[in-house]
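Data file: input-v7.csv. Format and content: CSV, C-alpha atoms and all ligand atoms.
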chain,number,residue,atom,x,y,z
P,215,MET,CA,-22.1,-10.1,12.7
P,216,HIS,CA,-19.9,-8.8,15.5
P,217,TYR,CA,-16.6,-7.2,14.6
P,218,PRO,CA,-13.8,-6.4,17.1
P,219,THR,CA,-12.7,-2.8,17.7
P,220,PHE,CA,-9.8,-1.6,15.6
P,221,MET,CA,-7.3,1.2,16.0
P,222,HIS,CA,-6.7,4.4,14.0
P,223,VAL,CA,-3.4,4.3,12.3
P,224,ARG,CA,-2.5,7.5,14.1
P,225,ASP,CA,-2.7,5.4,17.4
P,226,ILE,CA,-0.9,2.4,15.9
P,227,LEU,CA,1.9,4.9,15.0
P,228,LYS,CA,2.1,5.8,18.7
P,229,ARG,CA,2.1,2.1,19.7
P,230,ASP,CA,4.6,0.8,17.1
P,231,LYS,CA,7.8,2.7,16.7
P,232,THR,CA,8.1,1.0,13.3
P,233,ILE,CA,5.0,-0.1,11.3
P,234,PHE,CA,5.1,-3.4,9.5
P,235,SER,CA,2.1,-3.9,7.2
P,236,PHE,CA,1.1,-6.3,4.5
P,237,GLU,CA,-1.0,-5.8,1.4
P,238,PHE,CA,-3.4,-8.4,-0.1
P,239,PHE,CA,-5.6,-8.4,-3.2
P,240,PRO,CA,-9.0,-10.1,-3.3
P,241,PRO,CA,-8.5,-13.2,-5.4
P,242,ASN,CA,-10.7,-13.7,-8.5
P,243,THR,CA,-11.2,-17.5,-8.1
P,244,GLU,CA,-12.5,-19.7,-5.3
P,245,LYS,CA,-9.2,-21.5,-5.3
P,246,GLY,CA,-7.3,-18.3,-4.9
P,247,TRP,CA,-9.7,-17.2,-2.2
P,248,ASN,CA,-9.3,-20.5,-0.2
P,249,ALA,CA,-5.6,-20.4,-0.6
P,250,LEU,CA,-5.4,-16.8,0.8
P,251,THR,CA,-7.8,-17.4,3.7
P,252,ASN,CA,-5.9,-20.6,4.7
P,253,ARG,CA,-2.7,-18.6,4.6
P,254,LEU,CA,-4.0,-15.8,6.8
P,255,SER,CA,-2.8,-17.6,10.0
P,256,GLU,CA,0.8,-17.5,8.6
P,257,PHE,CA,0.5,-13.7,8.2
P,258,GLU,CA,-1.0,-13.5,11.7
P,259,GLU,CA,2.0,-15.1,13.2
P,260,LEU,CA,4.1,-12.2,11.9
P,261,GLU,CA,1.9,-9.8,13.8
P,262,PRO,CA,1.8,-6.9,11.3
P,263,SER,CA,0.6,-3.5,12.6
P,264,TYR,CA,-2.2,-3.8,10.0
P,265,VAL,CA,-3.0,-5.3,6.7
P,266,SER,CA,-4.5,-3.6,3.6
P,267,VAL,CA,-6.7,-4.9,0.8
P,268,THR,CA,-6.6,-3.5,-2.7
P,269,TYR,CA,-9.6,-2.2,-4.6
P,270,GLY,CA,-10.1,-2.5,-8.4
P,271,ALA,CA,-10.4,1.1,-9.8
P,272,GLY,CA,-13.9,1.9,-11.0
P,273,GLY,CA,-15.4,-0.6,-8.5
P,274,THR,CA,-14.3,-3.8,-10.2
P,275,THR,CA,-13.6,-5.5,-6.9
P,276,ARG,CA,-16.1,-3.6,-4.8
P,277,THR,CA,-17.8,-6.5,-3.1
P,278,LYS,CA,-14.7,-8.7,-3.1
P,279,THR,CA,-12.6,-6.1,-1.3
P,280,ARG,CA,-15.4,-5.6,1.2
P,281,ASP,CA,-15.9,-9.3,1.7
P,282,LEU,CA,-12.2,-9.9,2.2
P,283,VAL,CA,-11.9,-7.0,4.7
P,284,CYS,CA,-14.9,-8.3,6.6
P,285,GLN,CA,-13.6,-11.8,6.6
P,286,ILE,CA,-10.2,-10.7,8.0
P,287,ALA,CA,-12.0,-8.5,10.5
P,288,SER,CA,-14.3,-11.2,11.9
P,289,ASN,CA,-12.0,-14.3,11.6
P,290,THR,CA,-8.5,-13.2,12.4
P,291,GLU,CA,-6.5,-11.0,14.8
P,292,LEU,CA,-5.4,-8.9,11.8
P,293,ASP,CA,-6.4,-5.2,11.6
P,294,PRO,CA,-7.7,-4.7,8.0
P,295,ILE,CA,-7.6,-1.4,6.1
P,296,PRO,CA,-9.5,-1.2,2.8
P,297,HIS,CA,-8.1,0.7,-0.2
P,298,LEU,CA,-10.7,2.8,-1.9
P,299,THR,CA,-10.4,4.4,-5.3
P,300,CYS,CA,-12.7,7.2,-6.4
P,301,VAL,CA,-12.2,7.2,-10.2
P,302,GLY,CA,-15.5,6.4,-12.0
P,303,HIS,CA,-17.6,6.5,-8.8
P,304,LYS,CA,-20.6,8.6,-8.1
P,305,LYS,CA,-21.0,10.3,-4.7
P,306,ASP,CA,-23.8,8.0,-3.6
P,307,GLU,CA,-21.7,4.9,-4.4
P,308,ILE,CA,-18.8,6.2,-2.3
P,309,HIS,CA,-21.3,7.1,0.5
P,310,SER,CA,-22.7,3.6,0.6
P,311,ILE,CA,-19.2,2.0,0.6
P,312,LEU,CA,-18.2,4.2,3.5
P,313,GLN,CA,-21.4,3.2,5.3
P,314,GLU,CA,-20.6,-0.5,4.8
P,315,TYR,CA,-17.2,0.0,6.3
P,316,ALA,CA,-18.6,2.1,9.2
P,317,ASP,CA,-21.1,-0.8,9.9
P,318,ALA,CA,-18.2,-3.3,9.9
P,319,GLY,CA,-16.3,-1.2,12.5
P,320,ILE,CA,-13.4,-0.3,10.1
P,321,ASP,CA,-11.4,2.6,11.3
P,322,ASN,CA,-9.1,3.5,8.4
P,323,LEU,CA,-9.1,3.8,4.7
P,324,LEU,CA,-6.4,4.2,2.1
P,325,ALA,CA,-7.8,7.0,-0.1
P,326,LEU,CA,-6.7,6.7,-3.8
P,327,ARG,CA,-7.8,8.0,-7.1
P,328,GLY,CA,-7.0,4.9,-9.1
P,329,ASP,CA,-5.7,4.8,-12.7
P,330,ILE,CA,-7.8,6.5,-15.3
P,331,PRO,CA,-9.1,3.8,-17.7
P,332,THR,CA,-7.0,3.5,-20.9
P,333,HIS,CA,-10.2,3.9,-23.1
P,334,GLY,CA,-10.6,7.5,-21.8
P,335,CYS,CA,-12.1,9.6,-19.1
P,336,SER,CA,-14.6,8.1,-16.7
P,337,ASP,CA,-17.8,9.9,-15.8
P,338,GLY,CA,-17.5,9.7,-12.0
P,339,ASP,CA,-17.9,12.6,-9.6
P,340,TYR,CA,-14.3,12.7,-8.5
P,341,SER,CA,-11.1,13.9,-10.2
P,342,TYR,CA,-8.4,13.2,-7.7
P,343,ALA,CA,-7.7,11.4,-4.5
P,344,ALA,CA,-8.0,14.8,-2.7
P,345,ASP,CA,-11.7,14.8,-3.5
P,346,LEU,CA,-12.1,11.4,-2.0
P,347,ILE,CA,-10.3,12.6,1.2
P,348,ASP,CA,-12.8,15.4,1.5
P,349,ALA,CA,-15.7,12.9,1.0
P,350,ILE,CA,-14.3,10.7,3.7
P,351,HIS,CA,-14.0,13.5,6.2
P,352,GLY,CA,-17.4,14.8,5.3
P,353,PHE,CA,-19.0,11.4,5.9
P,354,GLU,CA,-21.1,11.6,9.1
P,355,GLY,CA,-21.4,7.9,9.9
P,356,ALA,CA,-17.8,7.4,11.2
P,357,SER,CA,-14.5,9.2,11.7
P,358,PHE,CA,-12.1,7.2,9.5
P,359,GLY,CA,-8.4,7.6,9.7
P,360,VAL,CA,-7.1,8.4,6.2
P,361,GLY,CA,-4.0,7.2,4.4
P,362,ILE,CA,-2.7,8.2,0.9
P,363,ALA,CA,-0.3,7.1,-1.7
P,364,GLY,CA,3.1,8.7,-2.4
P,365,PHE,CA,5.5,8.2,-5.3
P,366,PRO,CA,9.2,8.6,-4.5
P,367,GLU,CA,10.1,8.1,-8.1
P,368,GLY,CA,7.4,10.3,-9.5
P,369,HIS,CA,3.9,9.6,-10.8
P,370,PRO,CA,3.8,9.2,-14.6
P,371,GLU,CA,0.9,11.7,-15.1
P,372,THR,CA,2.8,14.6,-13.6
P,373,PRO,CA,6.3,14.8,-15.0
P,374,ASN,CA,7.0,18.1,-13.2
P,375,ARG,CA,8.2,16.8,-9.9
P,376,LEU,CA,7.8,20.2,-8.1
P,377,VAL,CA,4.2,20.4,-9.2
P,378,GLN,CA,3.7,16.8,-8.1
P,379,LEU,CA,5.0,17.8,-4.6
P,380,ASP,CA,2.4,20.6,-4.6
P,381,HIS,CA,-0.4,18.1,-5.4
P,382,LEU,CA,0.9,15.8,-2.6
P,383,LYS,CA,1.0,18.7,-0.1
P,384,SER,CA,-2.6,19.6,-1.0
P,385,LYS,CA,-3.7,16.0,-0.3
P,386,VAL,CA,-1.8,16.1,3.0
P,387,ASP,CA,-3.3,19.4,4.0
P,388,ARG,CA,-6.8,17.9,3.8
P,389,GLY,CA,-6.0,15.8,6.8
P,390,VAL,CA,-4.2,12.5,6.5
P,391,ASP,CA,-2.7,10.1,9.0
P,392,TRP,CA,-0.1,8.3,7.0
P,393,MET,CA,1.3,7.9,3.5
P,394,CYS,CA,2.3,4.6,1.9
P,395,THR,CA,4.7,4.7,-1.1
P,396,GLN,CA,4.7,3.0,-4.4
P,397,LEU,CA,7.2,0.2,-4.6
P,398,PHE,CA,10.8,1.2,-5.2
P,399,PHE,CA,14.2,-0.6,-5.4
P,400,ASP,CA,16.5,2.3,-4.9
P,401,ASN,CA,16.6,3.5,-1.3
P,402,ASN,CA,18.5,6.6,-2.2
P,403,ALA,CA,15.5,7.8,-4.3
P,404,PHE,CA,13.3,7.2,-1.3
P,405,PHE,CA,15.5,9.0,1.2
P,406,ASP,CA,15.9,12.0,-1.2
P,407,TRP,CA,12.1,12.2,-1.8
P,408,CYS,CA,11.5,12.1,2.0
P,409,GLN,CA,13.7,15.1,2.3
P,410,GLN,CA,11.9,16.8,-0.5
P,411,CYS,CA,8.6,16.2,1.4
P,412,GLU,CA,10.1,17.7,4.5
P,413,LEU,CA,11.2,20.8,2.5
P,414,VAL,CA,7.6,21.5,1.4
P,415,GLY,CA,6.3,21.0,4.9
P,416,ILE,CA,4.9,17.4,4.6
P,417,ASP,CA,5.4,15.8,8.0
P,418,THR,CA,3.0,12.8,7.6
P,419,PRO,CA,4.6,9.5,8.6
P,420,ILE,CA,5.8,7.7,5.5
P,421,ILE,CA,5.6,4.0,5.1
P,422,ALA,CA,8.0,2.5,2.5
P,423,GLY,CA,6.4,0.2,0.0
P,424,ILE,CA,8.6,-2.9,-0.7
P,425,MET,CA,7.9,-5.7,-3.2
P,426,PRO,CA,10.5,-8.5,-3.6
P,427,ILE,CA,11.1,-9.6,-7.2
P,428,THR,CA,10.5,-13.3,-7.4
P,429,THR,CA,10.5,-13.9,-11.2
P,430,ILE,CA,11.8,-12.0,-14.2
P,431,ALA,CA,8.3,-11.9,-15.6
P,432,GLY,CA,7.1,-10.5,-12.3
P,433,MET,CA,9.7,-7.7,-12.6
P,434,ARG,CA,8.4,-6.8,-16.1
P,435,ARG,CA,4.8,-6.7,-14.7
P,436,MET,CA,5.9,-4.4,-11.9
P,437,ALA,CA,7.6,-2.1,-14.4
P,438,GLU,CA,4.2,-1.9,-16.2
P,439,LEU,CA,2.1,-1.4,-13.1
P,440,ALA,CA,4.4,1.0,-11.2
P,441,GLY,CA,5.3,3.3,-14.1
P,442,GLY,CA,8.5,5.2,-13.5
P,443,ALA,CA,9.9,2.7,-11.0
P,444,ASN,CA,13.7,2.4,-11.4
P,445,PHE,CA,15.3,-1.0,-11.5
P,446,PRO,CA,19.0,-0.3,-10.6
P,447,ALA,CA,21.7,-1.8,-12.8
P,448,PRO,CA,23.2,-3.9,-10.1
P,449,LEU,CA,19.8,-5.5,-9.3
P,450,GLN,CA,19.2,-6.3,-13.0
P,451,GLN,CA,22.7,-7.6,-13.4
P,452,ARG,CA,22.3,-10.0,-10.4
P,453,LEU,CA,18.9,-11.2,-11.7
P,454,TYR,CA,19.9,-11.7,-15.3
P,455,ARG,CA,23.1,-13.6,-14.2
P,456,PHE,CA,20.8,-16.4,-13.0
P,457,GLN,CA,17.8,-15.8,-15.3
P,458,ASP,CA,17.6,-19.5,-16.2
P,459,ASP,CA,17.3,-20.6,-12.6
P,460,PRO,CA,14.0,-19.5,-11.1
P,461,GLU,CA,15.2,-20.4,-7.5
P,462,SER,CA,18.3,-18.2,-7.9
P,463,VAL,CA,16.3,-15.3,-9.4
P,464,ARG,CA,13.9,-15.5,-6.4
P,465,ARG,CA,16.8,-15.6,-3.9
P,466,VAL,CA,18.4,-12.5,-5.6
P,467,GLY,CA,15.1,-10.6,-5.5
P,468,VAL,CA,14.3,-11.4,-1.9
P,469,ASN,CA,17.9,-10.7,-0.8
P,470,TRP,CA,17.7,-7.3,-2.5
P,471,ALA,CA,14.4,-6.5,-0.7
P,472,ALA,CA,15.9,-7.7,2.6
P,473,GLN,CA,18.9,-5.4,2.2
P,474,GLN,CA,16.6,-2.5,1.3
P,475,CYS,CA,14.6,-3.1,4.5
P,476,ALA,CA,17.7,-3.4,6.7
P,477,GLN,CA,19.0,0.0,5.4
P,478,LEU,CA,15.6,1.6,5.7
P,479,LEU,CA,15.4,0.4,9.4
P,480,ASP,CA,19.0,1.7,10.0
P,481,HIS,CA,17.8,5.1,8.8
P,482,GLY,CA,14.8,5.0,11.1
P,483,VAL,CA,12.0,4.6,8.5
P,484,ARG,CA,8.6,5.0,10.1
P,485,GLY,CA,7.3,1.8,8.5
P,486,ILE,CA,7.6,-0.9,5.8
P,487,HIS,CA,4.6,-2.1,3.8
P,488,PHE,CA,5.1,-5.4,2.0
P,489,PHE,CA,3.2,-5.9,-1.3
P,490,THR,CA,2.8,-9.6,-0.6
P,491,MET,CA,0.9,-10.8,-3.7
P,492,ASN,CA,-1.0,-12.9,-1.2
P,493,GLN,CA,2.1,-15.1,-0.5
P,494,SER,CA,3.7,-15.2,2.9
P,495,SER,CA,7.0,-16.9,2.2
P,496,ALA,CA,9.0,-14.0,0.7
P,497,THR,CA,8.0,-11.7,3.6
P,498,GLU,CA,8.9,-14.5,6.1
P,499,GLU,CA,12.3,-14.8,4.5
P,500,ILE,CA,12.9,-11.1,4.7
P,501,TYR,CA,11.9,-11.2,8.4
P,502,LYS,CA,14.5,-13.9,8.9
P,503,ALA,CA,17.2,-12.1,7.0
P,504,LEU,CA,16.6,-9.1,9.2
P,505,GLY,CA,17.3,-11.4,12.2
P,506,ALA,CA,13.8,-12.1,13.5
P,507,PRO,CA,13.3,-15.6,14.9
P,508,SER,CA,10.9,-17.7,12.9
P,509,GLY,CA,7.3,-16.7,13.2
P,510,SER,CA,8.2,-13.6,15.2
P,511,LYS,CA,6.9,-10.1,14.9
P,512,LEU,CA,9.2,-7.2,14.1
P,513,ARG,CA,7.1,-4.2,15.1
P,514,GLY,CA,7.8,-4.7,18.8
P,515,LEU,CA,11.6,-5.1,18.5
P,516,HIS,CA,12.1,-1.3,18.1
P,517,GLU,CA,10.0,-0.1,21.0
P,601,LIG,C1,0.4,2.2,-1.8
P,601,LIG,C2,-0.4,2.2,-3.0
P,601,LIG,C3,-1.6,1.5,-3.1
P,601,LIG,C4,-2.4,1.5,-4.2
P,601,LIG,N1,-3.6,0.7,-4.2
P,601,LIG,C5,-4.4,0.8,-5.3
P,601,LIG,C6,-5.6,0.0,-5.4
P,601,LIG,O1,-6.0,-0.7,-4.4
P,601,LIG,N2,-6.4,0.1,-6.5
P,601,LIG,C7,-6.0,0.9,-7.6
P,601,LIG,O2,-6.7,0.9,-8.5
P,601,LIG,N3,-4.8,1.6,-7.6
P,601,LIG,C8,-4.0,1.5,-6.5
P,601,LIG,N4,-2.9,2.3,-6.5
P,601,LIG,C9,-2.5,3.0,-7.7
P,601,LIG,C10,-3.0,4.5,-7.7
P,601,LIG,O3,-4.4,4.5,-7.6
P,601,LIG,C11,-2.6,5.1,-9.0
P,601,LIG,O4,-1.2,5.2,-9.1
P,601,LIG,C12,-3.2,6.4,-9.4
P,601,LIG,O5,-2.9,6.8,-10.7
P,601,LIG,C13,-2.8,7.6,-8.5
P,601,LIG,O6,-3.5,7.5,-7.3
P,601,LIG,P1,-3.3,8.7,-6.2
P,601,LIG,O7,-4.2,8.3,-5.1
P,601,LIG,O8,-1.9,9.0,-5.9
P,601,LIG,O9,-4.0,9.9,-7.1
P,601,LIG,P2,-3.8,11.5,-7.0
P,601,LIG,O10,-3.2,11.9,-5.7
P,601,LIG,O11,-5.2,12.0,-7.3
P,601,LIG,O12,-2.8,11.8,-8.1
P,601,LIG,C14,-3.0,11.3,-9.4
P,601,LIG,C15,-2.2,12.2,-10.4
P,601,LIG,O13,-2.9,13.5,-10.5
P,601,LIG,C16,-2.0,14.5,-10.2
P,601,LIG,N5,-2.8,15.5,-9.5
P,601,LIG,C17,-3.3,15.5,-8.3
P,601,LIG,N6,-4.0,16.6,-8.0
P,601,LIG,C18,-4.1,17.3,-9.1
P,601,LIG,C19,-4.7,18.5,-9.5
P,601,LIG,N7,-5.4,19.2,-8.6
P,601,LIG,N8,-4.5,19.0,-10.8
P,601,LIG,C20,-3.8,18.3,-11.7
P,601,LIG,N9,-3.2,17.1,-11.4
P,601,LIG,C21,-3.3,16.7,-10.1
P,601,LIG,C22,-0.9,13.9,-9.3
P,601,LIG,O14,0.3,14.7,-9.4
P,601,LIG,C23,-0.8,12.5,-10.0
P,601,LIG,O15,0.0,12.6,-11.1
P,601,LIG,C24,-2.0,2.3,-5.4
P,601,LIG,C25,-0.8,3.0,-5.3
P,601,LIG,C26,0.0,3.0,-4.2
P,601,LIG,C27,1.2,3.8,-4.1

Would you write the structure of this file as C-alpha cells?
Amino acid sequence: MHYPTFMHVRDILKRDKTIFSFEFFPPNTEKGWNALTNRLSEFEELEPSYVSVTYGAGGTTRTKTRDLVCQIASNTELDPIPHLTCVGHKKDEIHSILQEYADAGIDNLLALRGDIPTHGCSDGDYSYAADLIDAIHGFEGASFGVGIAGFPEGHPETPNRLVQLDHLKSKVDRGVDWMCTQLFFDNNAFFDWCQQCELVGIDTPIIAGIMPITTIAGMRRMAELAGGANFPAPLQQRLYRFQDDPESVRRVGVNWAAQQCAQLLDHGVRGIHFFTMNQSSATEEIYKALGAPSGSKLRGLHE
C-alpha cells in the first residue's frame, strides 16, 4: 500500500495561521462505516488542516482506529492523526502500534492516557499521558509529532487546579507540538485558562475543542463524557425554551458554537478542533455562519 507524505503539525502551524481540524470516531457497524467513508468527501471540501481519529481506551478500537486512519490516508486528501491512549497497554503493544503508524507514513499522534476503567486500576505499563509521550519520543522507527489534551475547565481527577497546571507543564516539557482542548461552551473559561498556561510558561499552540449541541440528550451525554464542562445558563435557557422542537434545539446549539468560534477567531485563537460525531452538516453550518462561502476552506482566509 502506498501512502502520501504528511506534514508534522509543527509545520502545519507554520503553513496555516489558524488551524481547523475535525475529529472522527471509528464506527462500530458496517452501516456507520459506510456512512462515514461516503461522507469523507464532504469533509474534504472544507479542507481542514488535519483530521483526527479517536481510540478506545484500553485498545477497544485498536484495529478500527488504525483501519480508519489508513483508509483516510490512502483514499482522501485529508491528513489523518490517530489518537492513542496508553491506559491498560503493555510496552510491546504500544511499540507495535507505533510501528504500524510509522509503516503507514503517519507523522503525528495525539498522546493521551485515556480514562481509568470504572471497575478499577488497569495492569498496563503506563500511568499517565506523560509516559506515553516518552515512549513515542523513544521510538526509533519514526519521529512523530506529538499532541496532547488540555482541560480549560479542569480534569475531574485533579481538583487542585494549580497542581493540574503543574502536570500539564510536565507533559509539555517532554516535547509536544500542540495541545487540543476538551470541549467547552464558555469562552471566558478558555481565555482565562490560556492565560494561566502562559503564566506557568506553557507556550504550546492551543487548539480550542468545539462541539455543537444538536439534541438535549446529546448535551446530557457530553456532560457525562466531559466531566466538569460548564453549560452556561443562557445556553441552557435557550435550549430548554425550544426543548420540544428538535430543529430549534439544533439551531440554538449550532448558533452558540458558531458565536463561540467567531469570538475565538476575533481573539486570534491558534486553531479550532470540531468534535464532528462523524457528521459534516453542523460544521458546514458553522463555516457558513462565520461567512465562508459554501464548500470553502477557512484555514487559508487568515493567512
Ligand atoms: C482532545 C481530546 C481527545 C481525546 N481523545 C480520546 C480518545 O481518543 N480516547 C479516549 O479514551 N479518551 C480520549 N480523551 C479523554 C482523555 O483520555 C481522558 O480525559 C483522560 O482521563 C485524561 O487524558 P490525558 O491524556 O489528559 O491524561 P493525563 O495527562 O495523564 O492526566 C490525567 C489525570 O492525571 C493527572 N496527572 C497527570 N500526571 C500526574 C502525576 N504525575 N501524578 C498525579 N496525577 C497526575 C492529571 O492532572 C489528570 O487529572 C480525549 C480528551 C481530549 C481533551

Using only C-alpha atoms and all ligand atoms, which residues of the polymer chains come no farther than 8 Å from ligand LIG 601 (chain P)? I'd like the answer as a compact mmCIF listing (two decimals) with C-alpha atoms, in the frame of the given file.
# COMPACT_ATOMS: atom_id res chain seq x y z
CA PHE P 239 -5.60 -8.40 -3.20
CA VAL P 267 -6.70 -4.90 0.80
CA THR P 268 -6.60 -3.50 -2.70
CA TYR P 269 -9.60 -2.20 -4.60
CA GLY P 270 -10.10 -2.50 -8.40
CA ALA P 271 -10.40 1.10 -9.80
CA GLY P 272 -13.90 1.90 -11.00
CA HIS P 297 -8.10 0.70 -0.20
CA LEU P 298 -10.70 2.80 -1.90
CA THR P 299 -10.40 4.40 -5.30
CA LEU P 324 -6.40 4.20 2.10
CA ALA P 325 -7.80 7.00 -0.10
CA LEU P 326 -6.70 6.70 -3.80
CA ARG P 327 -7.80 8.00 -7.10
CA GLY P 328 -7.00 4.90 -9.10
CA ASP P 329 -5.70 4.80 -12.70
CA ILE P 330 -7.80 6.50 -15.30
CA SER P 341 -11.10 13.90 -10.20
CA TYR P 342 -8.40 13.20 -7.70
CA ALA P 343 -7.70 11.40 -4.50
CA ALA P 344 -8.00 14.80 -2.70
CA ILE P 362 -2.70 8.20 0.90
CA ALA P 363 -0.30 7.10 -1.70
CA GLY P 364 3.10 8.70 -2.40
CA PHE P 365 5.50 8.20 -5.30
CA GLY P 368 7.40 10.30 -9.50
CA HIS P 369 3.90 9.60 -10.80
CA PRO P 370 3.80 9.20 -14.60
CA GLU P 371 0.90 11.70 -15.10
CA THR P 372 2.80 14.60 -13.60
CA PRO P 373 6.30 14.80 -15.00
CA VAL P 377 4.20 20.40 -9.20
CA GLN P 378 3.70 16.80 -8.10
CA LEU P 379 5.00 17.80 -4.60
CA ASP P 380 2.40 20.60 -4.60
CA HIS P 381 -0.40 18.10 -5.40
CA LEU P 382 0.90 15.80 -2.60
CA SER P 384 -2.60 19.60 -1.00
CA LYS P 385 -3.70 16.00 -0.30
CA MET P 393 1.30 7.90 3.50
CA CYS P 394 2.30 4.60 1.90
CA THR P 395 4.70 4.70 -1.10
CA GLN P 396 4.70 3.00 -4.40
CA LEU P 397 7.20 0.20 -4.60
CA GLY P 423 6.40 0.20 0.00
CA ALA P 440 4.40 1.00 -11.20

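Comparing the minimum interatomic distances between P:Tyr501 and each of P:Ala471, P:Leu312, P:Leu346, P:Ile416, counting only C-alpha atoms, we find that P:Ala471 sits nearest.
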
*Nearest to P:Lys383, chosen from P:Pro460, P:Leu439, P:Gly359, P:Gln410, with all atoms listed in the file counted in the distances*: P:Gln410

*asked:* Applying 10 Å and all atoms listed in the file, which residues near stretch 461-466 of chain P remain after dropping the ones on its own chain fewer than 5 positions away? List them as a VMD selection string.
replied: chain P and resid 426 to 430 449 to 450 452 to 456 471 to 472 496 499

Next, the residues of the selection above should be written as a compact mmCIF listing (two decimals), in the coordinates of the input with C-alpha atoms.
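In the end it all went to again_16.txt:
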# COMPACT_ATOMS: atom_id res chain seq x y z
CA PRO P 426 10.50 -8.50 -3.60
CA ILE P 427 11.10 -9.60 -7.20
CA THR P 428 10.50 -13.30 -7.40
CA THR P 429 10.50 -13.90 -11.20
CA ILE P 430 11.80 -12.00 -14.20
CA LEU P 449 19.80 -5.50 -9.30
CA GLN P 450 19.20 -6.30 -13.00
CA ARG P 452 22.30 -10.00 -10.40
CA LEU P 453 18.90 -11.20 -11.70
CA TYR P 454 19.90 -11.70 -15.30
CA ARG P 455 23.10 -13.60 -14.20
CA PHE P 456 20.80 -16.40 -13.00
CA ALA P 471 14.40 -6.50 -0.70
CA ALA P 472 15.90 -7.70 2.60
CA ALA P 496 9.00 -14.00 0.70
CA GLU P 499 12.30 -14.80 4.50

*Atomic separation - atom CA of P:Leu478 relative to atom CA of P:Ala422, Å*: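 That distance, rounded to one decimal, is 8.3 Å.
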
_One decimal, in Å: what's the spacing between atom CA of P:Thr274 and atom CA of P:Ile320?_
20.6 Å

*With all atoms listed in the file as the atoms that count, which of P:Ile226, P:Ile500, P:Ile486, P:Ile286 lies nearest to P:Glu258?*
P:Ile286

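Take atom CA of P:Asp321 and atom CA of P:Thr243: the distance between them is 27.9 Å.
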
*asked:* From (-11.7, 8.2, 14.0), in the file's coordinates, out to 12 Å: which residues are reached, counting all atoms listed in the file? Answer as a count of residues only.
replied: 26

*Residues within 10 Å of P:Cys411, only C-alpha atoms, excluding chain neighbours under 2 positions, as a list in words*: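 Selected residues are Pro366, Leu379, Asp380, Leu382, Lys383, Phe405, Asp406, Trp407, Cys408, Gln409, Leu413, Val414, Gly415, Ile416, Asp417, Thr418 and Ile420 of chain P.
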
*Determine the nearest neighbour of P:Lys278 from the options P:Pro241, P:Arg434, P:Ala349, P:Ile311, counting all atoms listed in the file.*
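Closest to P:Lys278, using all atoms listed in the file: P:Pro241.
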
Stretch 417-459 of chain P written out with C-alpha atoms as a tab-separated table (two decimals), in the first residue's frame:
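And here is the file that came out, part_17.tsv:
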chain	number	residue	atom	x	y	z
P	417	ASP	CA	3.70	28.31	25.11
P	418	THR	CA	2.45	25.29	23.12
P	419	PRO	CA	-0.11	26.27	20.45
P	420	ILE	CA	-3.59	25.62	21.86
P	421	ILE	CA	-6.37	24.36	19.60
P	422	ALA	CA	-9.86	25.01	21.02
P	423	GLY	CA	-12.22	22.00	21.10
P	424	ILE	CA	-15.74	22.86	19.93
P	425	MET	CA	-18.75	20.57	19.89
P	426	PRO	CA	-22.12	21.97	18.83
P	427	ILE	CA	-25.07	20.69	20.87
P	428	THR	CA	-27.61	19.20	18.47
P	429	THR	CA	-30.00	17.48	20.93
P	430	ILE	CA	-30.84	17.76	24.63
P	431	ALA	CA	-29.93	14.09	25.09
P	432	GLY	CA	-26.60	14.81	23.36
P	433	MET	CA	-25.92	17.62	25.83
P	434	ARG	CA	-26.55	15.21	28.72
P	435	ARG	CA	-24.12	12.69	27.18
P	436	MET	CA	-21.48	15.41	26.76
P	437	ALA	CA	-21.87	16.37	30.43
P	438	GLU	CA	-21.17	12.74	31.30
P	439	LEU	CA	-18.19	12.31	28.96
P	440	ALA	CA	-16.59	15.71	29.54
P	441	GLY	CA	-16.83	15.79	33.33
P	442	GLY	CA	-16.56	19.34	34.66
P	443	ALA	CA	-17.73	21.04	31.45
P	444	ASN	CA	-19.89	24.04	32.26
P	445	PHE	CA	-23.15	24.62	30.38
P	446	PRO	CA	-23.76	28.36	30.87
P	447	ALA	CA	-27.26	29.40	31.99
P	448	PRO	CA	-28.04	31.42	28.82
P	449	LEU	CA	-27.21	28.36	26.69
P	450	GLN	CA	-29.42	26.07	28.77
P	451	GLN	CA	-32.21	28.66	28.80
P	452	ARG	CA	-32.18	28.98	25.01
P	453	LEU	CA	-32.12	25.20	24.54
P	454	TYR	CA	-34.91	24.45	27.04
P	455	ARG	CA	-37.06	27.22	25.58
P	456	PHE	CA	-37.44	25.05	22.46
P	457	GLN	CA	-36.90	21.65	24.01
P	458	ASP	CA	-39.95	20.15	22.27
P	459	ASP	CA	-38.76	21.17	18.84
